[in-house]
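Enquirer: What follows is my_file_4.cif, mmCIF, C-alpha atoms.
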data_upload
loop_
_atom_site.label_atom_id
_atom_site.label_comp_id
_atom_site.auth_asym_id
_atom_site.auth_seq_id
_atom_site.Cartn_x
_atom_site.Cartn_y
_atom_site.Cartn_z
CA MET A 1 0.00 0.00 0.00
CA THR A 2 1.32 3.40 -0.95
CA THR A 3 1.37 6.02 1.82
CA PHE A 4 1.41 9.75 1.33
CA GLN A 5 2.98 12.19 3.75
CA VAL A 6 1.01 15.35 4.32
CA PRO A 7 3.39 18.26 3.71
CA ASP A 8 3.88 20.85 6.42
CA ARG A 9 1.89 23.98 5.89
CA LEU A 10 4.78 26.14 7.09
CA PRO A 11 8.08 26.53 5.20
CA ALA A 12 11.36 25.44 6.79
CA GLU A 13 12.40 29.07 7.30
CA THR A 14 10.26 32.16 7.70
CA SER A 15 10.90 35.82 8.57
CA TRP A 16 8.83 38.73 9.80
CA ILE A 17 9.06 42.01 11.74
CA SER A 18 8.18 42.02 15.47
CA ALA A 19 7.87 44.80 18.04
CA CYS A 20 9.53 44.92 21.45
CA PRO A 21 9.77 47.78 23.98
CA GLY A 22 12.86 49.11 22.17
CA GLY A 23 11.45 49.12 18.65
CA LEU A 24 11.17 46.85 15.63
CA TRP A 25 13.21 43.70 15.05
CA GLU A 26 13.54 41.31 12.14
CA VAL A 27 13.00 37.68 13.15
CA ARG A 28 14.09 34.63 11.16
CA ARG A 29 12.95 31.20 12.31
CA ARG A 30 13.91 27.73 11.13
CA TRP A 31 12.99 24.28 12.43
CA LEU A 32 15.43 22.04 14.28
CA GLY A 33 15.09 18.28 13.91
CA GLU A 34 12.13 16.28 12.64
CA ARG A 35 8.70 17.90 12.58
CA GLU A 36 6.18 16.32 14.94
CA ARG A 37 2.81 15.11 13.71
CA GLY A 38 -0.57 16.40 14.79
CA ASP A 39 -2.85 19.40 14.35
CA SER A 40 -2.53 20.87 17.85
CA THR A 41 -0.59 24.14 17.62
CA PRO A 42 -0.66 27.31 19.78
CA MET A 43 -3.64 29.59 19.20
CA MET A 44 -5.16 32.53 21.07
CA GLY A 45 -5.54 31.62 24.72
CA SER A 46 -3.22 28.61 24.55
CA LEU A 47 -0.97 28.26 27.59
CA CYS A 48 2.44 27.11 26.34
CA LYS A 49 5.27 25.61 28.37
CA VAL A 50 8.45 26.78 26.65
CA LYS A 51 12.16 27.27 27.18
CA VAL A 52 14.40 29.82 25.45
CA ARG A 53 18.18 29.54 25.29
CA ARG A 54 20.90 31.54 23.65
CA LYS A 55 22.39 29.46 20.86
CA THR A 56 26.08 28.64 21.24
CA VAL A 57 28.25 27.37 18.42
CA THR A 58 30.64 24.43 18.70
CA GLY A 59 32.77 23.25 15.81
CA GLU A 60 31.66 24.34 12.37
CA ASN A 61 28.41 26.15 12.95
CA THR A 62 26.95 23.21 14.86
CA PRO A 63 24.33 24.49 17.32
CA HIS A 64 24.74 23.17 20.84
CA THR A 65 21.21 22.64 22.12
CA SER A 66 21.37 19.94 24.77
CA GLN A 67 18.04 18.22 25.33
CA ASP A 68 16.52 18.45 28.79
CA GLN A 69 16.80 15.35 30.91
CA GLU A 70 14.22 16.31 33.54
CA ALA A 71 10.73 14.89 33.14
CA THR A 72 8.54 17.99 33.29
CA ALA A 73 4.80 17.62 33.58
CA SER A 74 2.55 18.81 30.79
CA VAL A 75 0.96 22.22 31.20
CA ASP A 76 -2.51 22.27 32.73
CA SER A 77 -5.28 24.67 31.68
CA SER A 78 -5.79 25.71 35.31
CA GLU A 79 -2.25 27.12 35.55
CA GLN A 80 -1.39 30.77 35.09
CA ALA A 81 1.10 32.36 32.73
CA THR A 82 4.49 33.07 34.29
CA SER A 83 4.73 36.65 35.58
CA TYR A 84 7.72 38.42 34.07
CA PRO A 85 8.15 42.23 33.98
CA ARG A 86 8.68 43.77 30.56
CA SER A 87 11.91 45.73 30.25
CA GLN A 88 12.96 48.59 27.99
CA ASP A 89 16.51 47.21 28.02
CA SER A 90 15.67 43.75 26.64
CA VAL A 91 14.47 42.44 23.32
CA LEU A 92 13.08 39.11 24.56
CA GLN A 93 10.54 39.73 27.31
CA VAL A 94 10.76 36.22 28.77
CA GLN A 95 12.84 34.16 31.18
CA MET A 96 15.93 32.44 29.83
CA ASP A 97 17.23 28.87 30.30
CA GLU A 98 14.26 27.59 32.28
CA TRP A 99 10.72 26.43 31.61
CA PHE A 100 8.03 29.10 31.82
CA LEU A 101 4.38 29.48 30.82
CA LEU A 102 3.32 31.95 28.13
CA ARG A 103 -0.27 32.77 27.14
CA MET A 104 -0.68 33.16 23.38
CA GLY A 105 -2.40 36.39 22.38
CA GLU A 106 -1.37 38.45 25.41
CA GLY A 107 1.64 39.95 23.64
CA GLN A 108 4.09 39.37 26.49
CA CYS A 109 6.78 38.84 23.85
CA ASP A 110 5.74 39.33 20.24
CA ILE A 111 8.89 37.59 18.99
CA ILE A 112 8.26 34.39 20.97
CA GLU A 113 4.58 34.33 20.05
CA GLY A 114 5.51 34.60 16.39
CA CYS A 115 7.99 31.73 16.71
CA LEU A 116 5.39 29.55 18.47
CA GLU A 117 2.88 29.85 15.63
CA GLY A 118 2.64 26.51 13.86
CA MET A 119 4.82 24.66 16.40
CA ARG A 120 3.75 21.33 17.89
CA ALA A 121 4.47 19.91 21.33
CA GLY A 122 7.98 18.49 21.50
CA GLU A 123 9.36 20.61 18.68
CA MET A 124 12.30 22.99 18.73
CA CYS A 125 13.26 25.88 16.46
CA GLU A 126 16.02 28.43 16.32
CA PHE A 127 15.44 32.08 15.61
CA THR A 128 17.69 35.00 14.81
CA ILE A 129 16.79 38.56 15.74
CA SER A 130 18.28 41.66 14.11
CA ALA A 131 17.64 45.31 14.87
CA TRP A 132 15.50 46.84 12.16
CA ASN A 133 15.15 50.44 11.10
CA THR A 134 12.21 51.96 9.24
CA LYS A 135 11.49 55.38 7.88
CA ASP A 136 9.20 56.16 10.80
CA SER A 137 11.14 54.64 13.68
CA LYS A 138 14.48 53.45 15.01
CA ALA A 139 15.15 50.21 16.82
CA ALA A 140 18.03 49.84 19.21
CA GLY A 141 18.51 48.10 22.49
CA SER A 142 19.98 45.03 24.09
CA ASP A 143 19.10 41.38 24.00
CA ALA A 144 17.51 39.32 26.74
CA ASN A 145 20.82 38.99 28.60
CA GLY A 146 21.72 42.66 28.32
CA THR A 147 24.12 42.33 25.37
CA GLN A 148 23.94 45.42 23.23
CA ILE A 149 22.74 44.88 19.67
CA GLU A 150 23.73 47.53 17.16
CA GLU A 151 21.24 49.72 15.32
CA THR A 152 20.65 49.04 11.67
CA THR A 153 22.25 50.86 8.76
CA GLU A 154 20.50 53.80 7.17
CA HIS A 155 19.36 51.44 4.40
CA GLY A 156 17.50 49.20 6.88
CA LEU A 157 19.99 46.33 6.75
CA PRO A 158 20.78 44.55 10.01
CA GLN A 159 24.34 45.17 11.25
CA GLN A 160 24.39 42.52 13.99
CA SER A 161 22.15 39.66 15.04
CA ASP A 162 21.74 37.20 17.89
CA CYS A 163 20.49 33.61 17.77
CA PHE A 164 18.34 31.65 20.22
CA THR A 165 16.55 28.31 20.42
CA LEU A 166 12.93 27.84 21.45
CA GLN A 167 11.56 24.56 22.74
CA LEU A 168 7.83 23.88 23.09
CA HIS A 169 7.16 21.20 25.71
CA SER A 170 3.35 21.18 25.79
CA LEU A 171 0.34 23.43 25.32
CA THR A 172 -3.35 23.76 26.12
CA PRO A 173 -6.04 24.19 23.44
CA GLY A 174 -6.78 27.66 22.14
CA GLN A 175 -9.05 29.26 19.55
CA GLU A 176 -8.74 31.12 16.31
CA SER A 177 -10.64 34.41 16.33
CA TRP A 178 -13.29 33.03 13.97
CA GLN A 179 -14.02 30.25 16.49
CA MET A 180 -14.76 32.69 19.32
CA THR A 181 -18.15 33.93 20.36
CA PRO A 182 -18.73 37.72 20.23
CA GLY A 183 -18.51 37.81 24.04
CA GLU A 184 -15.12 36.09 24.04
CA LYS A 185 -13.80 38.46 21.39
CA TRP A 186 -15.01 41.45 23.37
CA ALA A 187 -13.25 40.11 26.47
CA TRP A 188 -9.97 40.00 24.56
CA VAL A 189 -10.55 43.52 23.21
CA LEU A 190 -11.03 44.90 26.73
CA SER A 191 -8.03 43.01 28.12
CA HIS A 192 -5.78 44.32 25.31
CA LYS A 193 -7.03 47.87 25.97
CA GLN A 194 -6.34 47.59 29.69
CA ARG A 195 -2.90 46.09 29.10
CA GLY A 196 -2.08 48.85 26.61
CA GLY A 197 -2.84 51.50 29.21
CA LEU A 198 -0.60 49.83 31.77
CA ARG A 199 2.28 49.57 29.31
CA PHE A 200 1.90 53.17 28.21
CA GLY A 201 2.01 54.31 31.82
CA LYS A 202 5.34 52.51 32.24
CA GLY A 203 6.85 54.10 29.14
CA ASP A 204 6.53 50.95 27.02
CA ILE A 205 5.20 52.81 23.96
CA TRP A 206 5.88 50.04 21.44
CA GLY A 207 4.22 47.52 23.73
CA ALA A 208 1.20 49.77 24.22
CA ALA A 209 0.86 50.30 20.47
CA ASP A 210 1.00 46.53 19.97
CA CYS A 211 -1.83 46.03 22.48
CA TYR A 212 -4.03 48.66 20.85
CA CYS A 213 -3.36 47.20 17.39
CA ARG A 214 -4.35 43.73 18.59
CA ALA A 215 -7.52 45.13 20.13
CA VAL A 216 -8.47 47.07 16.99
CA LYS A 217 -7.96 44.06 14.72
CA LEU A 218 -10.15 41.89 16.92
CA ALA A 219 -12.78 44.62 17.36
CA ILE A 220 -13.16 44.87 13.58
CA THR A 221 -14.43 41.27 13.52
CA LEU A 222 -17.24 42.29 15.92
CA ASN A 223 -18.73 44.72 13.43
CA GLY A 224 -22.43 43.95 13.12
CA GLN A 225 -22.41 41.54 16.09
CA THR A 226 -23.30 44.02 18.82
CA ARG A 227 -26.56 43.88 20.75
CA GLY A 228 -29.22 46.55 20.73
CA ASN A 229 -28.81 49.57 22.98
CA PRO A 230 -30.86 49.32 26.21
CA GLU A 231 -34.08 51.29 26.22
CA ASP A 232 -33.31 53.13 29.46
CA GLU A 233 -30.14 54.45 31.07
CA THR A 234 -30.70 52.40 34.22
CA SER A 235 -30.25 49.08 32.47
CA LYS A 236 -27.26 50.45 30.56
CA GLU A 237 -25.51 51.57 33.74
CA GLY A 238 -26.08 48.14 35.20
CA VAL A 239 -24.14 46.54 32.38
CA ASP A 240 -21.00 48.65 31.94
CA GLU A 241 -18.85 47.95 34.98
CA ASP A 242 -20.00 44.38 35.53
CA ASP A 243 -19.54 43.62 31.86
CA ASN A 244 -15.98 44.94 31.77
CA ASP A 245 -14.92 43.04 34.90
CA ALA A 246 -16.50 39.81 33.73
CA ALA A 247 -15.02 40.17 30.25
CA LEU A 248 -11.46 40.53 31.53
CA THR A 249 -11.65 37.27 33.45
CA SER A 250 -13.83 35.26 31.09
CA CYS A 251 -11.19 35.62 28.37
CA TYR A 252 -9.15 32.93 30.11
CA ASP A 253 -11.51 31.11 32.48
CA LYS A 254 -14.80 30.80 30.61
CA GLU A 255 -15.66 27.26 29.51
CA ASN A 256 -18.41 26.86 26.93
CA GLU A 257 -20.57 23.86 27.80
CA GLN A 258 -22.14 21.92 24.95
CA GLY A 259 -25.35 23.53 23.82
CA GLU A 260 -24.74 26.70 25.86
CA THR A 261 -25.13 30.00 24.04
CA ASP A 262 -23.08 33.14 24.66
CA ASP A 263 -24.35 35.31 27.51
CA ASP A 264 -25.99 38.35 25.93
CA THR A 265 -24.63 40.73 28.57
CA SER A 266 -21.06 39.90 27.54
CA ILE A 267 -21.69 41.40 24.10
CA PRO A 268 -21.33 45.21 23.85
CA THR A 269 -24.08 47.49 22.69
CA GLU A 270 -23.47 49.37 19.46
CA GLU A 271 -22.75 52.54 21.45
CA GLU A 272 -20.28 50.77 23.74
CA TYR A 273 -18.61 49.16 20.75
CA LYS A 274 -18.14 52.47 18.91
CA ASN A 275 -16.89 54.30 22.01
CA VAL A 276 -14.30 51.66 22.90
CA LYS A 277 -13.16 51.37 19.29
CA ALA A 278 -12.80 55.18 19.14
CA GLU A 279 -10.74 55.13 22.36
CA LEU A 280 -8.50 52.43 20.91
CA HIS A 281 -7.80 54.46 17.77
CA CYS A 282 -7.25 57.58 19.87
CA ASN A 283 -4.80 55.81 22.20
CA LEU A 284 -3.01 54.27 19.23
CA SER A 285 -2.73 57.72 17.68
CA LEU A 286 -0.98 59.03 20.80
CA CYS A 287 1.49 56.11 20.72
CA GLN A 288 2.20 56.79 17.06
CA LEU A 289 2.76 60.46 17.81
CA LYS A 290 5.37 59.59 20.44
CA LEU A 291 7.02 57.14 18.03
CA GLY A 292 7.26 59.80 15.32
CA GLN A 293 4.76 58.03 13.06
CA PHE A 294 2.85 61.20 12.25
CA GLY A 295 1.06 59.93 9.14
CA LYS A 296 -0.22 56.85 10.96
CA SER A 297 -1.18 59.01 13.94
CA ARG A 298 -3.26 61.27 11.70
CA ASP A 299 -5.04 58.29 10.16
CA SER A 300 -5.77 56.73 13.56
CA SER A 301 -7.14 59.97 14.98
CA ILE A 302 -9.35 60.48 11.90
CA LYS A 303 -10.89 57.05 12.53
CA ALA A 304 -11.42 58.01 16.18
CA THR A 305 -13.23 61.24 15.27
CA GLU A 306 -15.42 59.38 12.78
CA LEU A 307 -16.46 56.90 15.47
CA ASN A 308 -16.91 59.54 18.15
CA PRO A 309 -17.17 63.10 16.76
CA LYS A 310 -17.47 64.46 20.31
CA SER A 311 -14.10 63.13 21.48
CA THR A 312 -11.93 66.17 22.22
CA LYS A 313 -8.91 63.91 22.75
CA ALA A 314 -9.27 62.50 19.24
CA TRP A 315 -9.53 65.97 17.70
CA TYR A 316 -6.49 67.10 19.71
CA ARG A 317 -4.43 64.13 18.47
CA LEU A 318 -5.51 64.95 14.92
CA GLY A 319 -4.46 68.57 15.37
CA GLN A 320 -1.07 67.54 16.74
CA ALA A 321 -0.40 65.03 13.95
CA CYS A 322 -1.42 67.44 11.21
CA MET A 323 0.75 70.18 12.70
CA GLN A 324 3.76 67.83 12.67
CA LEU A 325 3.02 66.97 9.04
CA GLY A 326 2.78 70.64 8.06
CA GLU A 327 -0.94 70.35 7.31
CA LEU A 328 -1.71 73.57 9.11
CA GLU A 329 -5.21 74.24 7.80
CA GLU A 330 -6.31 70.76 8.85
CA SER A 331 -4.63 71.26 12.22
CA ARG A 332 -6.43 74.56 12.75
CA MET A 333 -9.74 72.92 11.88
CA ALA A 334 -9.13 70.15 14.42
CA PHE A 335 -8.24 72.52 17.27
CA GLY A 336 -11.19 74.74 16.31
CA LYS A 337 -13.49 71.74 16.60
CA ILE A 338 -12.32 71.23 20.20
CA LEU A 339 -13.30 74.80 21.06
CA GLU A 340 -16.74 74.18 19.59
CA LEU A 341 -17.15 71.19 21.88
CA GLN A 342 -15.30 72.65 24.88
CA PRO A 343 -14.98 76.47 24.64
CA ASP A 344 -12.92 76.76 27.83
CA SER A 345 -10.15 74.36 26.67
CA ALA A 346 -6.88 76.17 27.42
CA SER A 347 -4.76 73.55 25.65
CA ALA A 348 -6.79 73.89 22.45
CA ARG A 349 -6.52 77.69 22.54
CA THR A 350 -2.75 77.50 23.02
CA ALA A 351 -2.38 74.99 20.19
CA LEU A 352 -4.58 77.09 17.92
CA LYS A 353 -2.39 80.13 18.56
CA GLN A 354 0.68 78.11 17.58
CA VAL A 355 -0.97 76.98 14.34
CA ASN A 356 -2.13 80.50 13.49
CA SER A 357 1.39 81.80 14.15
CA LYS A 358 2.86 79.18 11.81
CA LEU A 359 0.27 80.00 9.15
CA LYS A 360 1.04 83.73 9.48
CA ASP A 361 4.77 83.10 9.02
CA LEU A 362 4.09 80.81 6.08
CA ASN A 363 1.83 83.36 4.38
CA SER A 364 4.39 86.09 5.02
CA LYS A 365 7.17 84.09 3.40
CA LEU A 366 4.92 83.22 0.48
CA GLY A 367 4.06 86.89 0.02
CA GLN A 368 7.73 87.83 -0.02
CA ARG A 369 8.48 85.21 -2.67
CA LEU A 370 5.61 86.37 -4.86
CA SER A 371 6.71 89.95 -4.46
CA LYS A 372 10.21 89.09 -5.67
CA MET A 373 8.80 87.17 -8.65
CA PHE A 374 6.77 90.16 -9.92
CA ASN A 375 9.38 92.77 -9.16
#
Would you mind giving the structure from this file in structure tokens?
Expert:
Amino acid sequence: MTTFQVPDRLPAETSWISACPGGLWEVRRRWLGERERGDSTPMMGSLCKVKVRRKTVTGENTPHTSQDQEATASVDSSEQATSYPRSQDSVLQVQMDEWFLLRMGEGQCDIIEGCLEGMRAGEMCEFTISAWNTKDSKAAGSDANGTQIEETTEHGLPQQSDCFTLQLHSLTPGQESWQMTPGEKWAWVLSHKQRGGLRFGKGDIWGAADCYCRAVKLAITLNGQTRGNPEDETSKEGVDEDDNDAALTSCYDKENEQGETDDDTSIPTEEEYKNVKAELHCNLSLCQLKLGQFGKSRDSSIKATELNPKSTKAWYRLGQACMQLGELEESRMAFGKILELQPDSASARTALKQVNSKLKDLNSKLGQRLSKMFN
């Protein structure tokens, strides 16, 4: 009887760009050893038991990756992800040389999550990380052990790289976004939003931007799946706080019994959905401003104002981004809109004065040039 081997869906080597607290990094991953069989791979919510080591070289480029001798138990769904503080001085935001638990989808370390995609229990891969430079941002920092990694060249080519191995011991089941109920998706959206705020407060701008991007992408899939707005304010007020608290915990702990439908109160109303989505775009716009991504910041703030035209924060971000881009008329319009909504806004008045001053100087210089042309 002839047997056919099902080919792996993933190529032997892949590369992508990941974000860490210090900026953007190019990641290249390749498999080590034979690929395991099976369809169980890490997905959103999967708890993965992994170990990361720095790769050492012995002989002629032969990686030394000694296999573990200890018999470690498989990860259990009741366990919690390993707590590890994110650091501005490290690229890999995980523990080194020991087993730890990582929850897929939380964004603890974007590089490790990317490497885990498509892996099966018992497999090992090696990955190389290189500092990456883009037109909008610069990436520089040190690796997980504090070794400085050089910044890229002005052409975006990596100057120096570091290599690690990643071993996946075991994992719990997870879900693709299309397999989730609207309530489960909303729980992830709220948890990403909360995590983004915490990271921003600690100065982890890249990490915060990553959280807000994850939340926005997942929120898009909820379009048209919201529940009707409550008829009276009393019932609405009774949902907000309880819904948010329940959503943050149900993301990890909720078990769907067979035949059970999603609890209606875990699904946002259309108004709640639009307001949270507007806040996400507004927060993302602020991160992009601080990262020097002024074009992206303008686009994010425009989306925020479209979702919530009464958001003074969104209009202010738009005014700031447009001013940085030299789009002074658009900036003046944005700051003027704030004063329509909040006439006593001192920050908007100050910003509007700055824009008007820039426009006056620009018009003066233009007048001088025209005068010289016709004289």
Enquirer: Using only C-alpha atoms for the distances, tell me which of A:Gln95, A:Thr312, A:Gln324, A:Ser40 is nearest to Ser347 (chain A).
Expert: A:Thr312
Enquirer: If you apply the PyMOL selection byres ((chain A and resi 293) around 12) to this file, what residues do you get, as a list of chain:residue names?
Expert: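 What the PyMOL selection byres ((chain A and resi 293) around 12) grabs from the file is A:Thr134, A:Lys135, A:Asp136, A:Ser137, A:Lys138, A:Trp206, A:Ala209, A:Leu284, A:Ser285, A:Leu286, A:Cys287, A:Gln288, A:Leu289, A:Lys290, A:Leu291, A:Gly292, A:Phe294, A:Gly295, A:Lys296, A:Ser297, A:Arg298, A:Asp299, A:Ser300, A:Gln320, A:Ala321, A:Cys322, A:Gln324, A:Leu325.
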Enquirer: For the residues in the current selection, export C-alpha atoms as a PDB file, in the coordinates of the input.
Expert:
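Listing of out38.pdb after writing:
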ATOM      1  CA  THR A 134      12.210  51.960   9.240  1.00  0.00           C
ATOM      2  CA  LYS A 135      11.490  55.380   7.880  1.00  0.00           C
ATOM      3  CA  ASP A 136       9.200  56.160  10.800  1.00  0.00           C
ATOM      4  CA  SER A 137      11.140  54.640  13.680  1.00  0.00           C
ATOM      5  CA  LYS A 138      14.480  53.450  15.010  1.00  0.00           C
ATOM      6  CA  TRP A 206       5.880  50.040  21.440  1.00  0.00           C
ATOM      7  CA  ALA A 209       0.860  50.300  20.470  1.00  0.00           C
ATOM      8  CA  LEU A 284      -3.010  54.270  19.230  1.00  0.00           C
ATOM      9  CA  SER A 285      -2.730  57.720  17.680  1.00  0.00           C
ATOM     10  CA  LEU A 286      -0.980  59.030  20.800  1.00  0.00           C
ATOM     11  CA  CYS A 287       1.490  56.110  20.720  1.00  0.00           C
ATOM     12  CA  GLN A 288       2.200  56.790  17.060  1.00  0.00           C
ATOM     13  CA  LEU A 289       2.760  60.460  17.810  1.00  0.00           C
ATOM     14  CA  LYS A 290       5.370  59.590  20.440  1.00  0.00           C
ATOM     15  CA  LEU A 291       7.020  57.140  18.030  1.00  0.00           C
ATOM     16  CA  GLY A 292       7.260  59.800  15.320  1.00  0.00           C
ATOM     17  CA  PHE A 294       2.850  61.200  12.250  1.00  0.00           C
ATOM     18  CA  GLY A 295       1.060  59.930   9.140  1.00  0.00           C
ATOM     19  CA  LYS A 296      -0.220  56.850  10.960  1.00  0.00           C
ATOM     20  CA  SER A 297      -1.180  59.010  13.940  1.00  0.00           C
ATOM     21  CA  ARG A 298      -3.260  61.270  11.700  1.00  0.00           C
ATOM     22  CA  ASP A 299      -5.040  58.290  10.160  1.00  0.00           C
ATOM     23  CA  SER A 300      -5.770  56.730  13.560  1.00  0.00           C
ATOM     24  CA  GLN A 320      -1.070  67.540  16.740  1.00  0.00           C
ATOM     25  CA  ALA A 321      -0.400  65.030  13.950  1.00  0.00           C
ATOM     26  CA  CYS A 322      -1.420  67.440  11.210  1.00  0.00           C
ATOM     27  CA  GLN A 324       3.760  67.830  12.670  1.00  0.00           C
ATOM     28  CA  LEU A 325       3.020  66.970   9.040  1.00  0.00           C
TER      29      LEU A 325
END
Enquirer: Just checking: using only C-alpha atoms, which residue out of A:Met44, A:Cys163, A:Glu327, A:Asn308 ends up closest to Met180 (chain A)?
Expert: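 Nearest candidate to Met180 (chain A) out of A:Met44, A:Cys163, A:Glu327, A:Asn308: A:Met44.
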Enquirer: Between A:Cys282, A:Ala73, A:Ala346, A:Leu116, which is the closest to Arg103 (chain A) once you count all atoms listed in the file?
Expert: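 Selected residue with least distance to Arg103 (chain A): A:Leu116.
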Enquirer: Enter the distance from CA of Ser74 (chain A) to CA of Phe100 (chain A), in Å, rounded to one decimal.
Expert: 11.7 Å
